[in-house]
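Heads up, the thing below is written out as structure tokens.
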Amino acid sequence: SLPERITLVEVGPRDGLQNEKQPVSTAHKAQLVGLLQQAGLREIEVTSFVSPKWVPQMADNAAVMAAIERKPGVRYSVLTPNMQGLEAALACQPDEVVVFGAASEAFSQKNINCSIAQSIERFAPVVRAARDQGLKVRAALSCAVACPYEGDIHPDRVDWVAQALADIGVQHLGVADTIGVGTPRRVQAAMQRALKHFPLHEVSGHFHDTYGQALTNVYACLELGVHTFDASVGGLGGCPYARGATGNVATEDIVFMLNGLGLHTRVDLDRLVDAAAFIAQALGREVLSRVGRATLAK
Ligand code: HMG
Ligand code: MG
């Protein structure tokens, strides 16, 4: 049987916007976070504390954190790749921080400018310091199925990086299909390796929808009992270091499927579509998600 309670981590404000070329105002970003929490999302990835030279769209990280109106019961997370990022993040009082590594050497180099082994060394003090502050620490594991530079990634690679992340005190692992080429059995194989090192309630799926497989991969993970998924409102996004990759699975598409399965997210679909419409309009484009478009057309 499938898990009954599902947690959705809304990554639209971060993963969804980080690759956006046009400027998006701090006020619009904060307003998006507001609409998402009004729709009932309780975990929101707000921004990243990364180099503004690498990812200019996230340069207003501290301003966004200051501008959001925090709602009790909502957890706000931010990406922190190194101590410099963590220090800047701590000043903004996130509830959770996210380190991000990869199962692919080439992607690690392109994304965070170091090898996998070096990344673990860099993350260790970040994890320690964050946990000393009482913050939860999550890790994202990119290229858990395939890499834009190396091609297919063997599940053994997921195994050892997951182990290394667990060893340094990471509490939760997000298994990411960065380029969205994963199909259900391959995604399950990667997830099963992650589950050797993290319990069911501390793994999540992060599936980009580039090849239209994301929702199916969510379902495949539900079959394993996984009940936490990242999703991006309106299907926004992509990674600056994975060319051509599209956004995460759209939050409204997941919510629609889960509602149909009788699984509870406590997310209000109409309000979620309002949030998708808001950010699409701010970006001057159409809502990309299927459920978003269908709902707005009614
Ligand atoms: P680096 O160049 O190796 O760092 O970058 P460095 O320590 O050598 O410092 C070089 C310069 O960067 C210095 O500035 C530092 O101050 C600055 P300069 O003296 O030249 O003016 N710097 C920073 N500035 C602000 N915040 C920081 C920071 N650290 C150094 N935290 C670094 C290493 C990781 C910082 C860099 O490679 C970087 O910022 N990469 C961005 C990666 C990124 O944001 N990628 C997208 C998010 S991950 C993702 O999307 C995947 C995910 O969704 C899962 C999936 O789908 O796969 C999570
Ligand atoms: Mg991503």
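Within each chain, counting starts at residue 1; across the structure tokens, chains are named A, B, ... in the order shown, with ligands numbered 1 upward in that order.
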Per residue of region 20-139 of chain A within 12 Å of region 222-234 of chain A, which atom pair is closest and at what distance in Å (one decimal), using only C-alpha atoms, listed by chain and increasing number, as JSON lines?
{"residue": "A:Leu32", "atom": "CA", "partner": "A:Val233", "partner_atom": "CA", "distance": 9.5}
{"residue": "A:Val33", "atom": "CA", "partner": "A:Val233", "partner_atom": "CA", "distance": 10.4}
{"residue": "A:Leu35", "atom": "CA", "partner": "A:Val233", "partner_atom": "CA", "distance": 10.5}
{"residue": "A:Leu36", "atom": "CA", "partner": "A:Val233", "partner_atom": "CA", "distance": 8.2}
{"residue": "A:Gln37", "atom": "CA", "partner": "A:Val233", "partner_atom": "CA", "distance": 11.7}
{"residue": "A:Ala39", "atom": "CA", "partner": "A:Val233", "partner_atom": "CA", "distance": 10.8}
{"residue": "A:Leu41", "atom": "CA", "partner": "A:Val233", "partner_atom": "CA", "distance": 10.6}
{"residue": "A:Arg42", "atom": "CA", "partner": "A:Asp230", "partner_atom": "CA", "distance": 11.9}
{"residue": "A:Glu43", "atom": "CA", "partner": "A:Asp230", "partner_atom": "CA", "distance": 9.4}
{"residue": "A:Ile44", "atom": "CA", "partner": "A:Asp230", "partner_atom": "CA", "distance": 9.4}
{"residue": "A:Glu45", "atom": "CA", "partner": "A:Asp230", "partner_atom": "CA", "distance": 9.3}
{"residue": "A:Val46", "atom": "CA", "partner": "A:Ser232", "partner_atom": "CA", "distance": 11.5}
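Using only C-alpha atoms, the residues found no farther than 9 Å from region 63-69 of chain A, other than those of its own chain fewer than 6 positions away, are Thr26, Ala27, Lys29, Ala30, Gln31, Val33, Gly34, Val46, Thr47, Tyr76, Ala89, Cys92, Gln93 and Pro94 of chain A.
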Residues just named, written with N, CA and C atoms as a PDB file, in the first residue's frame:
ATOM      1  N   THR A  26      12.895  41.105  -5.925  1.00  0.00           N
ATOM      2  CA  THR A  26      12.837  40.505  -4.588  1.00  0.00           C
ATOM      3  C   THR A  26      11.385  40.452  -4.099  1.00  0.00           C
ATOM      4  N   ALA A  27      10.648  41.508  -4.397  1.00  0.00           N
ATOM      5  CA  ALA A  27       9.248  41.562  -3.942  1.00  0.00           C
ATOM      6  C   ALA A  27       8.428  40.435  -4.580  1.00  0.00           C
ATOM      7  N   LYS A  29       9.574  37.570  -5.622  1.00  0.00           N
ATOM      8  CA  LYS A  29      10.003  36.294  -5.032  1.00  0.00           C
ATOM      9  C   LYS A  29       9.331  36.089  -3.669  1.00  0.00           C
ATOM     10  N   ALA A  30       9.320  37.156  -2.873  1.00  0.00           N
ATOM     11  CA  ALA A  30       8.718  37.040  -1.540  1.00  0.00           C
ATOM     12  C   ALA A  30       7.210  36.813  -1.649  1.00  0.00           C
ATOM     13  N   GLN A  31       6.601  37.470  -2.627  1.00  0.00           N
ATOM     14  CA  GLN A  31       5.153  37.297  -2.823  1.00  0.00           C
ATOM     15  C   GLN A  31       4.838  35.858  -3.251  1.00  0.00           C
ATOM     16  N   VAL A  33       6.531  33.197  -2.392  1.00  0.00           N
ATOM     17  CA  VAL A  33       6.612  32.388  -1.167  1.00  0.00           C
ATOM     18  C   VAL A  33       5.311  32.543  -0.366  1.00  0.00           C
ATOM     19  N   GLY A  34       4.814  33.769  -0.285  1.00  0.00           N
ATOM     20  CA  GLY A  34       3.569  34.018   0.449  1.00  0.00           C
ATOM     21  C   GLY A  34       2.401  33.242  -0.140  1.00  0.00           C
ATOM     22  N   VAL A  46      13.641  28.536  -0.240  1.00  0.00           N
ATOM     23  CA  VAL A  46      13.448  29.946  -0.578  1.00  0.00           C
ATOM     24  C   VAL A  46      14.500  30.495  -1.530  1.00  0.00           C
ATOM     25  N   THR A  47      15.778  30.160  -1.291  1.00  0.00           N
ATOM     26  CA  THR A  47      16.847  30.777  -2.079  1.00  0.00           C
ATOM     27  C   THR A  47      18.136  29.995  -1.857  1.00  0.00           C
ATOM     28  N   TYR A  76      11.407  26.961   6.302  1.00  0.00           N
ATOM     29  CA  TYR A  76      12.057  27.665   5.201  1.00  0.00           C
ATOM     30  C   TYR A  76      13.494  27.160   5.077  1.00  0.00           C
ATOM     31  N   ALA A  89      23.800  32.592   5.428  1.00  0.00           N
ATOM     32  CA  ALA A  89      22.451  32.050   5.636  1.00  0.00           C
ATOM     33  C   ALA A  89      22.022  32.174   7.098  1.00  0.00           C
ATOM     34  N   CYS A  92      20.187  34.981   8.370  1.00  0.00           N
ATOM     35  CA  CYS A  92      18.799  35.114   7.882  1.00  0.00           C
ATOM     36  C   CYS A  92      17.843  34.113   8.526  1.00  0.00           C
ATOM     37  N   GLN A  93      18.355  33.339   9.453  1.00  0.00           N
ATOM     38  CA  GLN A  93      17.523  32.408  10.237  1.00  0.00           C
ATOM     39  C   GLN A  93      16.622  31.458   9.443  1.00  0.00           C
ATOM     40  N   PRO A  94      17.254  30.642   8.600  1.00  0.00           N
ATOM     41  CA  PRO A  94      16.458  29.589   7.950  1.00  0.00           C
ATOM     42  C   PRO A  94      16.150  28.481   8.965  1.00  0.00           C
TER      43      PRO A  94
END
Next item on the list: Taking only C-alpha atoms and all ligand atoms into account, report as a ChimeraX atom specification which residues have an atom no farther than 9 Å from an atom of ligand 2.
Entry: /A:11,14-16,140,142,176-179,206-208,230,237-239,247-248
With C-alpha atoms kept, could you save the residues just selected as a PDB file, in the first residue's frame?
ATOM      1  CA  VAL A  11      11.433  24.366  -4.596  1.00  0.00           C
ATOM      2  CA  ARG A  14      14.944  28.431  -5.632  1.00  0.00           C
ATOM      3  CA  ASP A  15      15.247  25.698  -8.282  1.00  0.00           C
ATOM      4  CA  GLY A  16      12.453  27.281 -10.295  1.00  0.00           C
ATOM      5  CA  ALA A 140      20.659  17.022  -2.468  1.00  0.00           C
ATOM      6  CA  SER A 142      22.455  15.449  -8.178  1.00  0.00           C
ATOM      7  CA  ALA A 176      17.857  14.054  -7.731  1.00  0.00           C
ATOM      8  CA  ASP A 177      17.356  13.240 -11.369  1.00  0.00           C
ATOM      9  CA  THR A 178      18.912  16.482 -12.526  1.00  0.00           C
ATOM     10  CA  ILE A 179      18.302  16.029 -16.249  1.00  0.00           C
ATOM     11  CA  HIS A 206      13.704  15.482  -6.735  1.00  0.00           C
ATOM     12  CA  PHE A 207      12.730  14.821 -10.303  1.00  0.00           C
ATOM     13  CA  HIS A 208      13.164  17.183 -13.202  1.00  0.00           C
ATOM     14  CA  ASP A 230      10.371  18.186  -4.161  1.00  0.00           C
ATOM     15  CA  GLY A 237      13.025  25.859 -13.464  1.00  0.00           C
ATOM     16  CA  GLY A 238      16.165  24.036 -14.400  1.00  0.00           C
ATOM     17  CA  CYS A 239      19.766  23.949 -13.353  1.00  0.00           C
ATOM     18  CA  GLY A 247      11.914  22.367 -14.236  1.00  0.00           C
ATOM     19  CA  ASN A 248      11.003  19.998 -11.503  1.00  0.00           C
TER      20      ASN A 248
END
Checklist line | Env. residues ligand 1 / 8 Å / only C-alpha atoms and all ligand atoms / as a PyMOL selection string | finding: chain A and resi 15+18+48-55+79-86+88+100-102+110-114+140-144+174-179+206-208+238-241+248
Item checked: Residue list (alpha helix (DSSP H), DSSP) for region 69-247 of chain A, as a PyMOL selection string -> chain A and resi 83-90+105-112+116-132+155-167+184-194+214-223
Output C-alpha atoms for every residue in the selection just made, as a PDB file, in the first residue's frame.
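The new file out11.pdb reads:
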ATOM      1  CA  MET A  83      30.971  27.843   5.148  1.00  0.00           C
ATOM      2  CA  GLN A  84      30.720  31.237   3.475  1.00  0.00           C
ATOM      3  CA  GLY A  85      27.207  30.381   2.334  1.00  0.00           C
ATOM      4  CA  LEU A  86      26.250  28.989   5.717  1.00  0.00           C
ATOM      5  CA  GLU A  87      27.465  32.072   7.580  1.00  0.00           C
ATOM      6  CA  ALA A  88      25.465  34.354   5.336  1.00  0.00           C
ATOM      7  CA  ALA A  89      22.451  32.050   5.636  1.00  0.00           C
ATOM      8  CA  LEU A  90      22.588  31.862   9.428  1.00  0.00           C
ATOM      9  CA  GLU A 105      32.509  13.829 -10.748  1.00  0.00           C
ATOM     10  CA  ALA A 106      32.047  15.958 -13.836  1.00  0.00           C
ATOM     11  CA  PHE A 107      28.843  17.503 -12.544  1.00  0.00           C
ATOM     12  CA  SER A 108      30.394  18.183  -9.146  1.00  0.00           C
ATOM     13  CA  GLN A 109      33.188  20.108 -10.877  1.00  0.00           C
ATOM     14  CA  LYS A 110      30.817  22.099 -13.095  1.00  0.00           C
ATOM     15  CA  ASN A 111      28.283  22.847 -10.387  1.00  0.00           C
ATOM     16  CA  ILE A 112      30.358  23.481  -7.282  1.00  0.00           C
ATOM     17  CA  ILE A 116      33.029  14.714  -4.884  1.00  0.00           C
ATOM     18  CA  ALA A 117      35.611  13.961  -2.193  1.00  0.00           C
ATOM     19  CA  GLN A 118      36.430  17.661  -1.796  1.00  0.00           C
ATOM     20  CA  SER A 119      32.733  18.459  -1.583  1.00  0.00           C
ATOM     21  CA  ILE A 120      32.319  16.066   1.339  1.00  0.00           C
ATOM     22  CA  GLU A 121      35.248  17.777   3.077  1.00  0.00           C
ATOM     23  CA  ARG A 122      33.655  21.169   2.481  1.00  0.00           C
ATOM     24  CA  PHE A 123      30.232  20.053   3.637  1.00  0.00           C
ATOM     25  CA  ALA A 124      31.437  18.463   6.882  1.00  0.00           C
ATOM     26  CA  PRO A 125      31.984  21.735   8.789  1.00  0.00           C
ATOM     27  CA  VAL A 126      28.812  23.213   7.257  1.00  0.00           C
ATOM     28  CA  VAL A 127      26.765  20.280   8.535  1.00  0.00           C
ATOM     29  CA  ARG A 128      28.406  20.419  11.958  1.00  0.00           C
ATOM     30  CA  ALA A 129      27.910  24.168  12.375  1.00  0.00           C
ATOM     31  CA  ALA A 130      24.317  24.053  11.150  1.00  0.00           C
ATOM     32  CA  ARG A 131      23.417  21.206  13.471  1.00  0.00           C
ATOM     33  CA  ASP A 132      25.104  22.991  16.385  1.00  0.00           C
ATOM     34  CA  PRO A 155      23.517   3.076  -8.521  1.00  0.00           C
ATOM     35  CA  ASP A 156      26.756   2.104  -6.720  1.00  0.00           C
ATOM     36  CA  ARG A 157      27.826   5.720  -7.023  1.00  0.00           C
ATOM     37  CA  VAL A 158      24.666   6.827  -5.237  1.00  0.00           C
ATOM     38  CA  ASP A 159      25.476   4.271  -2.569  1.00  0.00           C
ATOM     39  CA  TRP A 160      28.880   5.605  -1.675  1.00  0.00           C
ATOM     40  CA  VAL A 161      28.070   9.314  -1.862  1.00  0.00           C
ATOM     41  CA  ALA A 162      24.941   8.729   0.258  1.00  0.00           C
ATOM     42  CA  GLN A 163      27.110   6.869   2.767  1.00  0.00           C
ATOM     43  CA  ALA A 164      29.647   9.716   2.837  1.00  0.00           C
ATOM     44  CA  LEU A 165      26.879  12.286   3.393  1.00  0.00           C
ATOM     45  CA  ALA A 166      25.345  10.223   6.188  1.00  0.00           C
ATOM     46  CA  ASP A 167      28.791   9.864   7.786  1.00  0.00           C
ATOM     47  CA  PRO A 184      10.773   4.214 -12.929  1.00  0.00           C
ATOM     48  CA  ARG A 185      12.968   1.158 -12.359  1.00  0.00           C
ATOM     49  CA  ARG A 186      16.202   3.127 -12.608  1.00  0.00           C
ATOM     50  CA  VAL A 187      14.922   5.756 -10.215  1.00  0.00           C
ATOM     51  CA  GLN A 188      13.838   3.021  -7.814  1.00  0.00           C
ATOM     52  CA  ALA A 189      17.329   1.493  -8.004  1.00  0.00           C
ATOM     53  CA  ALA A 190      18.922   4.834  -7.080  1.00  0.00           C
ATOM     54  CA  MET A 191      16.391   5.387  -4.302  1.00  0.00           C
ATOM     55  CA  GLN A 192      16.975   1.918  -2.880  1.00  0.00           C
ATOM     56  CA  ARG A 193      20.673   2.699  -2.563  1.00  0.00           C
ATOM     57  CA  ALA A 194      19.859   5.913  -0.731  1.00  0.00           C
ATOM     58  CA  ALA A 214       8.873  12.982 -13.381  1.00  0.00           C
ATOM     59  CA  LEU A 215       5.345  12.161 -12.255  1.00  0.00           C
ATOM     60  CA  THR A 216       5.827   8.498 -13.114  1.00  0.00           C
ATOM     61  CA  ASN A 217       9.042   8.504 -11.112  1.00  0.00           C
ATOM     62  CA  VAL A 218       7.201  10.016  -8.149  1.00  0.00           C
ATOM     63  CA  TYR A 219       4.724   7.155  -8.360  1.00  0.00           C
ATOM     64  CA  ALA A 220       7.542   4.619  -8.589  1.00  0.00           C
ATOM     65  CA  CYS A 221       8.975   6.033  -5.364  1.00  0.00           C
ATOM     66  CA  LEU A 222       5.570   5.985  -3.644  1.00  0.00           C
ATOM     67  CA  GLU A 223       5.606   2.261  -4.339  1.00  0.00           C
TER      68      GLU A 223
END
Next item on the list: Within 7 Å of region 277-289 of chain A, counting only C-alpha atoms, which residues show up once you throw out same-chain ones fewer than 4 positions away? Write them as a count of residues only, please.
Entry: 7
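A straight line drawn from CA of Asn259 (chain A) to CA of Tyr211 (chain A) is 23.6 Å long.
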Next item on the list: Can you check which residues of region 109-240 of chain A DSSP gives as strand (DSSP E or B) on the backbone and send them as a ChimeraX atom specification?
Entry: /A:136-142,146-147,151-152,172-177,203-208,228-232
Selected residues written out, C-alpha atoms, as a PDB file, in the first residue's frame:
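Dumped to again-v9.pdb:
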ATOM      1  CA  LYS A 136      18.038  20.517  10.093  1.00  0.00           C
ATOM      2  CA  VAL A 137      20.494  19.549   7.360  1.00  0.00           C
ATOM      3  CA  ARG A 138      19.449  18.060   4.092  1.00  0.00           C
ATOM      4  CA  ALA A 139      21.629  17.093   1.151  1.00  0.00           C
ATOM      5  CA  ALA A 140      20.659  17.022  -2.468  1.00  0.00           C
ATOM      6  CA  LEU A 141      22.374  14.362  -4.542  1.00  0.00           C
ATOM      7  CA  SER A 142      22.455  15.449  -8.178  1.00  0.00           C
ATOM      8  CA  ALA A 146      22.420  10.237 -15.106  1.00  0.00           C
ATOM      9  CA  CYS A 147      24.772  13.140 -15.699  1.00  0.00           C
ATOM     10  CA  GLY A 151      25.841   9.816 -19.139  1.00  0.00           C
ATOM     11  CA  ASP A 152      24.322   7.013 -17.074  1.00  0.00           C
ATOM     12  CA  HIS A 172      18.001  13.824   4.951  1.00  0.00           C
ATOM     13  CA  LEU A 173      18.915  12.890   1.397  1.00  0.00           C
ATOM     14  CA  GLY A 174      17.199  14.186  -1.714  1.00  0.00           C
ATOM     15  CA  VAL A 175      17.763  11.875  -4.643  1.00  0.00           C
ATOM     16  CA  ALA A 176      17.857  14.054  -7.731  1.00  0.00           C
ATOM     17  CA  ASP A 177      17.356  13.240 -11.369  1.00  0.00           C
ATOM     18  CA  VAL A 203      14.708  10.505   1.794  1.00  0.00           C
ATOM     19  CA  SER A 204      12.977  12.473  -0.906  1.00  0.00           C
ATOM     20  CA  GLY A 205      12.697  12.453  -4.657  1.00  0.00           C
ATOM     21  CA  HIS A 206      13.704  15.482  -6.735  1.00  0.00           C
ATOM     22  CA  PHE A 207      12.730  14.821 -10.303  1.00  0.00           C
ATOM     23  CA  HIS A 208      13.164  17.183 -13.202  1.00  0.00           C
ATOM     24  CA  THR A 228       8.575  13.259   0.477  1.00  0.00           C
ATOM     25  CA  PHE A 229       8.979  14.933  -2.884  1.00  0.00           C
ATOM     26  CA  ASP A 230      10.371  18.186  -4.161  1.00  0.00           C
ATOM     27  CA  ALA A 231       8.197  20.009  -6.657  1.00  0.00           C
ATOM     28  CA  SER A 232       8.174  23.356  -8.379  1.00  0.00           C
TER      29      SER A 232
END
Item checked: Between CA of Leu236 (chain A) and CA of Val24 (chain A), distance in Å (one decimal) -> 13.2 Å
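Taking CA of His154 (chain A) and CA of Ile6 (chain A) as endpoints, the distance between them is 28.0 Å.
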